[in-house]
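Printed here is start-v4.cif (mmCIF, C-alpha atoms and all ligand atoms):
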data_input
loop_
_atom_site.label_atom_id
_atom_site.label_comp_id
_atom_site.auth_asym_id
_atom_site.auth_seq_id
_atom_site.Cartn_x
_atom_site.Cartn_y
_atom_site.Cartn_z
CA MET A 1 -45.77 -4.20 -15.71
CA ALA A 2 -45.22 -1.49 -13.06
CA GLY A 3 -42.44 -0.10 -15.28
CA LEU A 4 -44.80 0.69 -18.17
CA SER A 5 -45.97 4.25 -18.61
CA ARG A 6 -49.71 4.85 -18.96
CA SER A 7 -49.46 5.12 -22.75
CA ALA A 8 -47.16 2.08 -23.02
CA LEU A 9 -49.68 -0.05 -21.14
CA ALA A 10 -52.55 1.29 -23.27
CA ASN A 11 -50.53 0.34 -26.40
CA LEU A 12 -49.81 -3.14 -25.07
CA VAL A 13 -53.46 -3.74 -24.29
CA THR A 14 -54.52 -2.53 -27.76
CA ASP A 15 -51.86 -4.73 -29.38
CA TRP A 16 -53.50 -7.62 -27.56
CA GLY A 17 -56.79 -6.64 -29.20
CA PHE A 18 -58.47 -4.94 -26.23
CA LYS A 19 -59.68 -1.35 -25.94
CA PRO A 20 -57.25 1.33 -24.69
CA VAL A 21 -59.73 2.22 -21.95
CA HIS A 22 -59.05 -1.16 -20.35
CA GLY A 23 -55.35 -0.31 -20.27
CA GLN A 24 -56.19 3.01 -18.61
CA ARG A 25 -58.25 1.25 -15.94
CA LEU A 26 -55.52 -1.27 -15.22
CA TRP A 27 -52.92 1.46 -14.99
CA ARG A 28 -55.01 3.56 -12.59
CA HIS A 29 -55.78 0.57 -10.38
CA LEU A 30 -52.09 -0.16 -10.01
CA HIS A 31 -50.65 3.34 -9.84
CA ALA A 32 -53.38 5.47 -8.26
CA HIS A 33 -54.55 2.85 -5.76
CA ALA A 34 -51.39 0.71 -5.45
CA ARG A 35 -53.48 -2.42 -6.02
CA ASP A 36 -52.99 -5.32 -8.37
CA ASP A 37 -56.23 -7.25 -7.71
CA PHE A 38 -57.22 -6.52 -11.29
CA GLU A 39 -60.11 -8.99 -11.15
CA SER A 40 -61.94 -6.46 -8.96
CA ILE A 41 -61.99 -3.88 -11.78
CA ASP A 42 -65.48 -3.48 -13.23
CA ARG A 43 -66.14 -4.91 -16.68
CA LEU A 44 -62.56 -5.92 -17.46
CA PRO A 45 -62.61 -8.64 -20.16
CA SER A 46 -61.68 -12.02 -18.73
CA GLY A 47 -59.43 -12.62 -21.75
CA LEU A 48 -57.37 -9.60 -20.74
CA LEU A 49 -57.04 -10.86 -17.17
CA ALA A 50 -55.88 -14.24 -18.46
CA ARG A 51 -53.29 -12.63 -20.73
CA LEU A 52 -52.03 -10.44 -17.91
CA GLY A 53 -51.67 -13.46 -15.66
CA ALA A 54 -49.78 -15.37 -18.33
CA GLU A 55 -47.54 -12.62 -19.68
CA THR A 56 -46.72 -10.22 -16.89
CA GLN A 57 -44.72 -10.76 -13.75
CA SER A 58 -46.08 -10.31 -10.25
CA THR A 59 -46.20 -6.64 -9.38
CA TRP A 60 -44.81 -6.69 -5.88
CA LEU A 61 -41.33 -7.46 -4.67
CA PRO A 62 -41.54 -9.85 -1.72
CA VAL A 63 -40.77 -8.31 1.67
CA VAL A 64 -37.83 -10.29 3.05
CA ARG A 65 -37.73 -8.24 6.23
CA ASP A 66 -39.80 -5.37 7.67
CA THR A 67 -38.08 -3.46 10.50
CA HIS A 68 -39.45 -0.67 12.68
CA SER A 69 -37.11 1.83 14.30
CA THR A 70 -37.48 2.53 18.00
CA ASP A 71 -37.72 6.21 17.01
CA GLY A 72 -41.30 5.40 15.96
CA PHE A 73 -40.90 7.32 12.69
CA THR A 74 -38.91 5.03 10.45
CA ARG A 75 -39.60 1.67 8.86
CA LYS A 76 -37.30 -0.23 6.54
CA PHE A 77 -38.28 -2.87 4.01
CA LEU A 78 -35.80 -5.36 2.62
CA LEU A 79 -37.25 -6.38 -0.73
CA GLY A 80 -36.29 -9.43 -2.76
CA LEU A 81 -35.55 -9.10 -6.48
CA GLU A 82 -36.23 -11.86 -8.94
CA ASP A 83 -32.58 -12.80 -9.35
CA GLY A 84 -32.12 -13.27 -5.61
CA ARG A 85 -30.52 -9.86 -5.02
CA GLN A 86 -32.13 -7.49 -2.57
CA VAL A 87 -32.75 -3.77 -2.09
CA GLU A 88 -33.86 -1.61 0.78
CA THR A 89 -36.63 0.98 0.85
CA VAL A 90 -37.31 3.30 3.78
CA LEU A 91 -40.55 4.90 4.95
CA MET A 92 -39.84 8.05 6.97
CA ARG A 93 -42.25 10.20 8.92
CA TYR A 94 -41.52 13.83 9.63
CA ALA A 95 -43.96 16.32 11.10
CA GLY A 96 -47.04 16.02 8.92
CA ARG A 97 -45.47 14.24 5.97
CA VAL A 98 -44.34 10.83 4.88
CA THR A 99 -41.43 10.24 2.55
CA ALA A 100 -40.36 7.11 0.70
CA CYS A 101 -36.60 6.76 0.26
CA ILE A 102 -36.09 4.46 -2.69
CA SER A 103 -33.12 2.71 -4.27
CA THR A 104 -32.01 2.89 -7.91
CA GLN A 105 -29.31 0.19 -7.90
CA ALA A 106 -28.45 -2.96 -5.98
CA GLY A 107 -25.17 -1.77 -4.45
CA CYS A 108 -23.24 1.17 -5.87
CA ALA A 109 -20.16 1.53 -8.05
CA MET A 110 -19.08 4.92 -6.68
CA GLY A 111 -17.20 3.63 -3.64
CA CYS A 112 -17.66 6.57 -1.22
CA VAL A 113 -15.68 5.53 1.83
CA PHE A 114 -18.25 6.39 4.50
CA CYS A 115 -21.26 4.78 2.78
CA ALA A 116 -22.42 1.22 3.45
CA THR A 117 -23.84 0.89 -0.07
CA GLY A 118 -20.51 1.97 -1.52
CA GLN A 119 -18.70 -0.45 0.77
CA MET A 120 -20.73 -3.38 -0.61
CA GLY A 121 -19.82 -2.61 -4.24
CA PHE A 122 -21.97 -2.66 -7.36
CA GLU A 123 -24.35 -5.52 -8.13
CA ARG A 124 -26.65 -4.21 -10.85
CA HIS A 125 -28.94 -1.42 -12.03
CA LEU A 126 -32.58 -1.67 -11.01
CA THR A 127 -35.21 -1.67 -13.73
CA THR A 128 -37.86 1.04 -13.96
CA ALA A 129 -40.40 -1.43 -12.56
CA GLU A 130 -38.17 -2.26 -9.58
CA ILE A 131 -37.78 1.44 -8.79
CA VAL A 132 -41.50 2.25 -9.19
CA VAL A 133 -42.63 -0.75 -7.15
CA GLN A 134 -40.69 0.45 -4.10
CA ALA A 135 -42.80 3.64 -4.03
CA LEU A 136 -45.97 1.65 -4.73
CA HIS A 137 -45.10 -0.63 -1.83
CA VAL A 138 -44.82 2.35 0.53
CA ALA A 139 -48.04 3.84 -0.90
CA ARG A 140 -49.84 0.54 -0.32
CA THR A 141 -48.52 0.35 3.24
CA LEU A 142 -49.78 3.88 3.92
CA ALA A 143 -53.16 3.24 2.28
CA ALA A 144 -53.86 0.71 5.03
CA THR A 145 -54.00 3.61 7.51
CA GLY A 146 -55.67 6.06 5.14
CA GLU A 147 -52.46 8.01 4.48
CA ARG A 148 -51.04 9.15 1.17
CA LEU A 149 -47.51 9.15 -0.11
CA ARG A 150 -46.55 12.65 -1.24
CA ASN A 151 -42.76 12.72 -1.11
CA VAL A 152 -40.15 10.52 -2.72
CA VAL A 153 -36.40 10.81 -2.39
CA LEU A 154 -34.12 8.90 -4.74
CA MET A 155 -31.51 8.63 -2.01
CA GLY A 156 -31.55 4.95 -1.19
CA MET A 157 -29.02 2.46 -2.47
CA GLY A 158 -27.14 3.42 -5.60
CA GLU A 159 -26.30 6.38 -7.78
CA PRO A 160 -29.42 7.45 -9.74
CA LEU A 161 -27.50 9.22 -12.52
CA HIS A 162 -25.48 6.06 -13.14
CA ASN A 163 -28.84 4.46 -14.01
CA TYR A 164 -30.27 7.48 -15.78
CA GLU A 165 -32.89 6.06 -18.15
CA ALA A 166 -34.56 3.67 -15.71
CA THR A 167 -34.55 6.27 -12.92
CA ILE A 168 -36.00 9.07 -15.02
CA ALA A 169 -38.65 6.78 -16.53
CA ALA A 170 -39.62 5.86 -12.95
CA THR A 171 -39.97 9.53 -11.94
CA HIS A 172 -42.29 10.10 -14.90
CA ILE A 173 -44.51 7.20 -13.83
CA LEU A 174 -44.55 8.31 -10.18
CA GLY A 175 -45.35 11.87 -11.24
CA ASP A 176 -48.17 10.91 -13.65
CA THR A 177 -51.24 12.80 -12.42
CA ALA A 178 -53.43 9.75 -13.09
CA GLY A 179 -51.25 7.61 -10.80
CA LEU A 180 -49.48 8.31 -7.50
CA ALA A 181 -49.20 11.90 -8.78
CA ILE A 182 -46.12 12.78 -6.75
CA SER A 183 -45.38 16.40 -7.55
CA PRO A 184 -41.96 16.67 -9.24
CA ALA A 185 -40.99 19.31 -6.68
CA ARG A 186 -41.54 16.65 -4.00
CA MET A 187 -39.30 14.14 -5.75
CA THR A 188 -35.64 14.70 -4.99
CA LEU A 189 -32.87 12.98 -6.87
CA SER A 190 -29.53 12.92 -5.07
CA THR A 191 -26.31 12.46 -7.01
CA VAL A 192 -22.71 12.00 -5.96
CA GLY A 193 -21.87 14.46 -8.75
CA VAL A 194 -22.11 12.68 -12.09
CA VAL A 195 -21.37 15.71 -14.28
CA PRO A 196 -22.80 14.47 -17.62
CA GLY A 197 -25.97 13.34 -15.81
CA ILE A 198 -26.52 16.78 -14.26
CA VAL A 199 -26.12 18.45 -17.66
CA ARG A 200 -28.52 15.93 -19.17
CA LEU A 201 -31.15 16.60 -16.48
CA ALA A 202 -31.00 20.28 -17.44
CA ASP A 203 -31.04 19.62 -21.19
CA ASP A 204 -33.99 17.25 -20.79
CA ARG A 205 -35.73 19.76 -18.48
CA GLU A 206 -36.44 17.00 -15.98
CA PRO A 207 -38.67 18.54 -13.31
CA VAL A 208 -37.46 16.60 -10.23
CA SER A 209 -35.56 18.49 -7.52
CA LEU A 210 -31.81 17.97 -7.49
CA ALA A 211 -29.46 17.33 -4.58
CA VAL A 212 -25.69 17.12 -5.08
CA SER A 213 -23.44 15.45 -2.51
CA LEU A 214 -20.34 17.58 -1.88
CA HIS A 215 -18.76 16.71 1.52
CA GLY A 216 -15.58 18.56 0.60
CA ALA A 217 -15.09 22.09 -0.74
CA THR A 218 -11.73 21.50 -2.42
CA GLN A 219 -10.86 18.95 -5.09
CA GLU A 220 -8.37 17.28 -2.75
CA ALA A 221 -10.72 17.01 0.25
CA ARG A 222 -13.56 15.73 -1.89
CA ALA A 223 -11.52 13.16 -3.80
CA ALA A 224 -10.30 11.67 -0.51
CA MET A 225 -13.88 10.69 0.34
CA ILE A 226 -15.43 10.20 -3.09
CA PRO A 227 -13.22 8.27 -5.52
CA VAL A 228 -15.27 9.33 -8.56
CA ALA A 229 -14.43 12.96 -7.82
CA LYS A 230 -11.23 12.21 -9.71
CA ALA A 231 -13.27 11.56 -12.85
CA TRP A 232 -15.56 14.55 -12.32
CA PRO A 233 -13.46 17.21 -10.58
CA LEU A 234 -14.98 19.92 -8.42
CA ASP A 235 -14.55 22.69 -11.04
CA ALA A 236 -16.42 20.68 -13.65
CA LEU A 237 -19.09 19.75 -11.09
CA MET A 238 -19.71 23.35 -10.03
CA GLY A 239 -19.82 24.36 -13.72
CA ALA A 240 -22.50 21.72 -14.35
CA CYS A 241 -24.44 22.89 -11.28
CA ARG A 242 -24.42 26.48 -12.51
CA TYR A 243 -25.53 25.34 -15.95
CA TYR A 244 -28.37 23.36 -14.33
CA CYS A 245 -29.57 26.23 -12.10
CA ASP A 246 -29.52 28.70 -15.01
CA ALA A 247 -31.33 26.35 -17.40
CA MET A 248 -33.91 25.30 -14.81
CA ASP A 249 -34.15 28.64 -12.98
CA ARG A 250 -33.96 27.02 -9.57
CA HIS A 251 -31.58 26.14 -6.76
CA ILE A 252 -29.77 22.91 -5.90
CA PHE A 253 -29.63 21.20 -2.50
CA TYR A 254 -26.03 20.44 -1.55
CA GLU A 255 -25.48 17.57 0.86
CA TRP A 256 -22.64 17.59 3.30
CA THR A 257 -22.06 14.60 5.56
CA LEU A 258 -20.62 16.12 8.73
CA ILE A 259 -17.70 14.08 10.04
CA ALA A 260 -16.09 15.13 13.33
CA GLY A 261 -12.64 16.61 12.84
CA ALA A 262 -12.69 15.89 9.09
CA ASN A 263 -15.06 18.40 7.50
CA ASP A 264 -17.00 20.01 10.37
CA ARG A 265 -14.57 22.77 11.35
CA PRO A 266 -15.17 26.50 10.85
CA ASP A 267 -12.49 26.49 8.11
CA ASP A 268 -14.44 23.82 6.24
CA ALA A 269 -17.61 25.91 6.54
CA HIS A 270 -15.77 28.98 5.23
CA ALA A 271 -14.43 26.99 2.29
CA LEU A 272 -17.94 25.76 1.50
CA GLY A 273 -19.37 29.27 1.90
CA ALA A 274 -16.78 30.67 -0.51
CA LEU A 275 -17.46 27.87 -3.00
CA LEU A 276 -21.24 28.34 -2.98
CA ARG A 277 -21.60 32.08 -2.41
CA THR A 278 -22.38 32.79 -6.08
CA HIS A 279 -24.52 29.68 -6.53
CA ARG A 280 -28.22 29.19 -5.87
CA ALA A 281 -27.82 26.77 -3.00
CA HIS A 282 -29.42 25.24 0.06
CA VAL A 283 -27.11 23.08 2.17
CA ASN A 284 -28.32 19.93 3.94
CA LEU A 285 -25.96 18.92 6.72
CA ILE A 286 -26.11 15.22 7.58
CA PRO A 287 -24.24 14.15 10.74
CA LEU A 288 -22.34 10.98 9.79
CA ASN A 289 -24.23 7.75 10.39
CA PRO A 290 -22.22 4.75 11.49
CA THR A 291 -21.26 2.07 8.96
CA GLU A 292 -19.13 -1.01 9.45
CA GLY A 293 -16.36 -0.06 7.06
CA TYR A 294 -15.64 3.48 8.23
CA ASP A 295 -14.62 4.59 11.67
CA GLY A 296 -15.27 8.35 11.51
CA LEU A 297 -17.59 9.95 14.06
CA PRO A 298 -20.55 12.27 13.51
CA ALA A 299 -20.05 15.97 14.11
CA HIS A 300 -21.21 17.22 17.49
CA HIS A 301 -24.48 19.16 17.53
CA ARG A 302 -22.54 22.30 18.52
CA ALA A 303 -20.21 21.94 15.54
CA ALA A 304 -23.21 21.60 13.22
CA LYS A 305 -24.74 24.79 14.63
CA ALA A 306 -21.44 26.65 14.27
CA PHE A 307 -21.12 25.35 10.69
CA GLN A 308 -24.58 26.72 9.90
CA ALA A 309 -23.71 30.09 11.40
CA VAL A 310 -20.68 30.40 9.11
CA LEU A 311 -22.74 29.47 6.05
CA ALA A 312 -25.28 32.11 7.05
CA GLU A 313 -22.49 34.73 6.91
CA TYR A 314 -22.23 33.88 3.21
CA GLY A 315 -26.00 34.14 2.80
CA ILE A 316 -26.36 30.39 2.36
CA PRO A 317 -29.41 28.74 3.98
CA SER A 318 -28.89 25.33 5.54
CA THR A 319 -30.70 22.60 7.45
CA VAL A 320 -29.33 19.93 9.77
CA ARG A 321 -30.98 16.67 8.75
CA GLN A 322 -32.82 14.93 11.58
CA ARG A 323 -31.25 11.57 12.40
CA ARG A 324 -33.77 8.82 11.90
CA GLY A 325 -33.75 5.04 11.84
CA ILE A 326 -30.14 4.68 12.92
CA ASP A 327 -30.90 1.65 15.14
CA ILE A 328 -32.21 -0.27 12.13
CA ALA A 329 -29.49 1.03 9.77
CA ALA A 330 -32.04 3.00 7.76
CA GLY A 331 -30.23 6.34 7.91
CA CYS A 332 -28.44 8.04 5.00
CA GLY A 333 -25.60 5.89 3.78
CA GLN A 334 -26.51 2.90 5.95
CA LEU A 335 -28.41 0.85 3.38
CA ALA A 336 -26.68 -2.33 2.32
CA THR A 337 -27.61 -5.88 1.52
CA SER A 338 -25.52 -9.00 1.26
CA VAL A 339 -26.00 -12.69 1.05
CA ALA A 340 -25.25 -12.69 4.79
CA SER A 341 -28.30 -10.51 5.41
CA MET A 342 -30.45 -13.17 3.74
CA THR A 343 -29.37 -15.79 6.20
CA ASP A 344 -28.70 -13.99 9.45
CA ASP A 345 -32.20 -14.17 10.88
N1 LIG B 401 -25.75 8.10 -4.55
C1 LIG B 401 -26.44 9.28 -4.22
C2 LIG B 401 -27.70 9.04 -3.41
C3 LIG B 401 -27.64 8.01 -2.32
S1 LIG B 401 -26.67 8.40 -0.91
C4 LIG B 401 -25.52 10.26 -3.51
O1 LIG B 401 -24.43 9.87 -3.12
O2 LIG B 401 -25.89 11.41 -3.41
C5 LIG B 401 -27.69 9.63 -0.09
C6 LIG B 401 -26.93 10.59 0.78
O3 LIG B 401 -26.40 9.92 1.94
C7 LIG B 401 -25.72 11.24 0.09
O4 LIG B 401 -25.70 12.62 0.33
C8 LIG B 401 -24.58 10.56 0.79
O5 LIG B 401 -23.41 11.32 0.73
C9 LIG B 401 -25.10 10.40 2.19
N2 LIG B 401 -24.36 9.44 2.99
C10 LIG B 401 -23.67 8.36 2.57
N3 LIG B 401 -23.13 7.70 3.63
C11 LIG B 401 -23.48 8.39 4.73
C12 LIG B 401 -23.25 8.19 6.12
N4 LIG B 401 -22.55 7.16 6.58
N5 LIG B 401 -23.77 9.09 6.99
C13 LIG B 401 -24.51 10.13 6.54
N6 LIG B 401 -24.77 10.36 5.24
C14 LIG B 401 -24.26 9.50 4.34
FE1 LIG B 402 -23.04 5.40 -3.93
FE2 LIG B 402 -24.16 7.62 -2.91
FE3 LIG B 402 -23.14 5.71 -1.32
FE4 LIG B 402 -21.50 7.23 -2.75
S1 LIG B 402 -22.87 7.93 -1.10
S2 LIG B 402 -21.35 5.01 -2.52
S3 LIG B 402 -22.68 7.49 -4.60
S4 LIG B 402 -24.89 5.50 -2.68
#
Represent the structure contained in this file as structure tokens.
Amino acid sequence: MAGLSRSALANLVTDWGFKPVHGQRLWRHLHAHARDDFESIDRLPSGLLARLGAETQSTWLPVVRDTHSTDGFTRKFLLGLEDGRQVETVLMRYAGRVTACISTQAGCAMGCVFCATGQMGFERHLTTAEIVVQALHVARTLAATGERLRNVVLMGMGEPLHNYEATIAATHILGDTAGLAISPARMTLSTVGVVPGIVRLADDREPVSLAVSLHGATQEARAAMIPVAKAWPLDALMGACRYYCDAMDRHIFYEWTLIAGANDRPDDAHALGALLRTHRAHVNLIPLNPTEGYDGLPAHHRAAKAFQAVLAEYGIPSTVRQRRGIDIAAGCGQLATSVASMTDD
């Protein structure tokens, strides 16, 4: 039920012979207040409650594990899906704001060498409901302390543009002003560079912010880390990015995982600067987080600063992402689930 838009739920309720207003109330209870104790809604017909109980699935995904980072800012939820698979969702606190990092797939088919999700392979796409419920779960957790969820990043497990329809439908539900009302500017979708998906976002005028993972500024360097770069080469990707920025009249965030000795040298920064100098770009530098299947090391803080200084010479603004939740494997690229993780505690 969490995957139904406000109008779809109103239609369902009317098809069942109840008034649309009852659908509206149900929808608000779930999406604005992150609550599914529908029996507490005033004047809701008991027949509707009975039908809901009989014909809809439980809203929440069971929490298999809830881990707090020693950094005090990060909390990771391992959530169980109905078919026994699992996904991870991360609650992150930065100065004055809380962000939910949510997953769009169980596993990922893109196979990036340094990413734990890529290392586990693809299991399946998540449904719209499974994507929405992750944000609702974080919102409900925050409501307990009187806080509100205002930021969502689609940067958890999976490649959102490989699961386009379900992901975009979820962003519409999360952005609905009668529900969680997450401003589209505060929802960021990160893609490995699925060219047709980027073009489609522009053609559909989807209002979410866009982040594109680059990591390499030449076709060769990029393809060594991201196998799918062979299918969507750098030229085509940068063409799609330009098309997107022109159509949407906005910039793109480019993500660059900084790996010591691999892509953190001044030459790499110059290559990136030259690539992006005519684009509307903000670069997010992410020092590599450790994963089991990749033995690279994160760039040193000094290298990151030097990298930023070179980008600044090209007029390109950049930010070094704060490292959070590394001890509980909740950092970028560290999310993974396996049957082993179901049984190891
Ligand atoms: N599939 C999407 C979104 C999920 S990954 C994408 O690839 O963009 C989110 C971000 O984490 C991406 O920028 C990705 O490149 C980065 N990332 C993956 N593995 C990482 C690691 N080990 N350390 C740091 N960042 C990593
Ligand atoms: Fe998939 Fe993104 Fe990980 Fe690559 S970095 S394997 S696209 S989740």
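Residue nearest His172 in chain A, chosen from A:Val212, A:Val192, A:Ile226, A:Ala129 and counting all atoms listed in the file: A:Ala129.
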Sort by chain and increasing residue number a table of all residues of chain A within 6 Å of ligand LIG 401 (chain B), each with its closest pair of atoms and their distance in Å to one decimal, counting only C-alpha atoms and all ligand atoms, and write it as CSV.
residue,atom,partner,partner_atom,distance
A:Phe114,CA,B:LIG401,N4,4.8
A:Cys115,CA,B:LIG401,N3,3.6
A:Met155,CA,B:LIG401,C3,3.9
A:Gly156,CA,B:LIG401,C3,5.1
A:Met157,CA,B:LIG401,C3,5.7
A:Gly158,CA,B:LIG401,N1,5.0
A:Glu159,CA,B:LIG401,N1,3.7
A:Ser190,CA,B:LIG401,O2,4.3
A:Thr191,CA,B:LIG401,O2,3.8
A:Val192,CA,B:LIG401,O1,3.9
A:Val212,CA,B:LIG401,O2,6.0
A:Ser213,CA,B:LIG401,O4,4.6
A:Glu255,CA,B:LIG401,O4,5.0
A:Thr257,CA,B:LIG401,N6,5.0
A:Ile286,CA,B:LIG401,C13,5.4
A:Pro287,CA,B:LIG401,C13,5.8
A:Leu288,CA,B:LIG401,N5,3.7
A:Asn289,CA,B:LIG401,N5,3.7
A:Pro290,CA,B:LIG401,N4,5.5
A:Thr291,CA,B:LIG401,N4,5.8
A:Cys332,CA,B:LIG401,O3,4.1
A:Gly333,CA,B:LIG401,N3,3.1
A:Gln334,CA,B:LIG401,N4,5.9
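Across the model, the gap from CA of Ala271 in chain A to CA of Tyr254 in chain A is 13.9 Å.
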Residue neighbourhood Ala100 in chain A, 8 Å, all atoms listed in the file, exclusion window fewer than 4 positions, as a PyMOL selection string: chain A and resi 89-92+135+138+149+151-153
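Proximity ranking of A:Ile168, A:Ala109, A:Leu48, A:Val63 relative to Thr141 in chain A places A:Val63 first, based on all atoms listed in the file.
Here CA of Ser58 in chain A is placed at a distance of 11.6 Å from CA of Arg35 in chain A.
Minimum atom-to-atom distances from A:Leu237, A:Ala336, A:Met225, A:Ile328 to Gly72 in chain A were compared using all atoms listed in the file, and the lowest value belongs to A:Ile328.
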Env of Gly179 in chain A: 8 Å cut, atoms = only C-alpha atoms, seq-sep filter 2 positions within chain, self excluded. Answer as a PyMOL selection string. chain A and resi 27-28+30-33+173-177+181
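Ranking A:Glu147, A:Asp66, A:Asp71, A:Glu88 by their shortest atom-to-atom distance to ligand LIG 402 (chain B), with all atoms listed in the file included, puts A:Glu88 first.
Distances from A:Ala223, A:Ala95, A:Ala262, A:Ile316 to ligand LIG 402 (chain B) were compared using all atoms listed in the file, and the smallest one belongs to A:Ala223.
In this structure, CA of Ser7 in chain A sits 12.6 Å away from CA of Ala169 in chain A.
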From the block I gave, I'd like range 295-301 of chain A written with all heavy atoms, as a PDB file, in the first residue's frame.
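Everything below was put into result_21.pdb:
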ATOM      1  N   ASP A 295      41.187  -3.943  -2.526  1.00  0.00           N
ATOM      2  CA  ASP A 295      42.208  -3.607  -1.536  1.00  0.00           C
ATOM      3  C   ASP A 295      42.838  -2.220  -1.723  1.00  0.00           C
ATOM      4  O   ASP A 295      43.897  -1.945  -1.182  1.00  0.00           O
ATOM      5  CB  ASP A 295      43.276  -4.708  -1.446  1.00  0.00           C
ATOM      6  CG  ASP A 295      43.893  -5.016  -2.798  1.00  0.00           C
ATOM      7  OD1 ASP A 295      43.655  -4.201  -3.719  1.00  0.00           O
ATOM      8  OD2 ASP A 295      44.592  -6.039  -2.933  1.00  0.00           O
ATOM      9  N   GLY A 296      42.180  -1.330  -2.465  1.00  0.00           N
ATOM     10  CA  GLY A 296      42.684   0.044  -2.578  1.00  0.00           C
ATOM     11  C   GLY A 296      42.580   0.770  -1.240  1.00  0.00           C
ATOM     12  O   GLY A 296      41.876   0.330  -0.336  1.00  0.00           O
ATOM     13  N   LEU A 297      43.297   1.891  -1.148  1.00  0.00           N
ATOM     14  CA  LEU A 297      43.279   2.675   0.094  1.00  0.00           C
ATOM     15  C   LEU A 297      42.688   4.059  -0.177  1.00  0.00           C
ATOM     16  O   LEU A 297      42.779   4.573  -1.299  1.00  0.00           O
ATOM     17  CB  LEU A 297      44.706   2.838   0.641  1.00  0.00           C
ATOM     18  CG  LEU A 297      45.367   1.552   1.142  1.00  0.00           C
ATOM     19  CD1 LEU A 297      46.840   1.804   1.463  1.00  0.00           C
ATOM     20  CD2 LEU A 297      44.634   1.034   2.383  1.00  0.00           C
ATOM     21  N   PRO A 298      42.075   4.665   0.844  1.00  0.00           N
ATOM     22  CA  PRO A 298      41.528   6.005   0.632  1.00  0.00           C
ATOM     23  C   PRO A 298      42.640   7.030   0.421  1.00  0.00           C
ATOM     24  O   PRO A 298      43.750   6.864   0.933  1.00  0.00           O
ATOM     25  CB  PRO A 298      40.787   6.290   1.944  1.00  0.00           C
ATOM     26  CG  PRO A 298      41.352   5.352   2.947  1.00  0.00           C
ATOM     27  CD  PRO A 298      41.837   4.149   2.197  1.00  0.00           C
ATOM     28  N   ALA A 299      42.320   8.070  -0.326  1.00  0.00           N
ATOM     29  CA  ALA A 299      43.284   9.156  -0.509  1.00  0.00           C
ATOM     30  C   ALA A 299      43.563   9.809   0.836  1.00  0.00           C
ATOM     31  O   ALA A 299      42.686   9.875   1.697  1.00  0.00           O
ATOM     32  CB  ALA A 299      42.697  10.178  -1.474  1.00  0.00           C
ATOM     33  N   HIS A 300      44.768  10.287   0.991  1.00  0.00           N
ATOM     34  CA  HIS A 300      45.134  11.030   2.200  1.00  0.00           C
ATOM     35  C   HIS A 300      44.424  12.382   2.180  1.00  0.00           C
ATOM     36  O   HIS A 300      44.125  12.919   1.107  1.00  0.00           O
ATOM     37  CB  HIS A 300      46.655  11.229   2.196  1.00  0.00           C
ATOM     38  CG  HIS A 300      47.176  11.664   3.526  1.00  0.00           C
ATOM     39  ND1 HIS A 300      47.149  12.973   3.935  1.00  0.00           N
ATOM     40  CD2 HIS A 300      47.727  10.955   4.540  1.00  0.00           C
ATOM     41  CE1 HIS A 300      47.660  13.057   5.153  1.00  0.00           C
ATOM     42  NE2 HIS A 300      48.016  11.840   5.542  1.00  0.00           N
ATOM     43  N   HIS A 301      44.142  12.898   3.374  1.00  0.00           N
ATOM     44  CA  HIS A 301      43.472  14.198   3.489  1.00  0.00           C
ATOM     45  C   HIS A 301      44.182  15.283   2.664  1.00  0.00           C
ATOM     46  O   HIS A 301      43.550  16.096   1.998  1.00  0.00           O
ATOM     47  CB  HIS A 301      43.442  14.581   4.976  1.00  0.00           C
ATOM     48  CG  HIS A 301      42.743  15.864   5.236  1.00  0.00           C
ATOM     49  ND1 HIS A 301      41.392  16.036   5.015  1.00  0.00           N
ATOM     50  CD2 HIS A 301      43.203  17.074   5.654  1.00  0.00           C
ATOM     51  CE1 HIS A 301      41.059  17.278   5.296  1.00  0.00           C
ATOM     52  NE2 HIS A 301      42.136  17.916   5.691  1.00  0.00           N
TER      53      HIS A 301
END
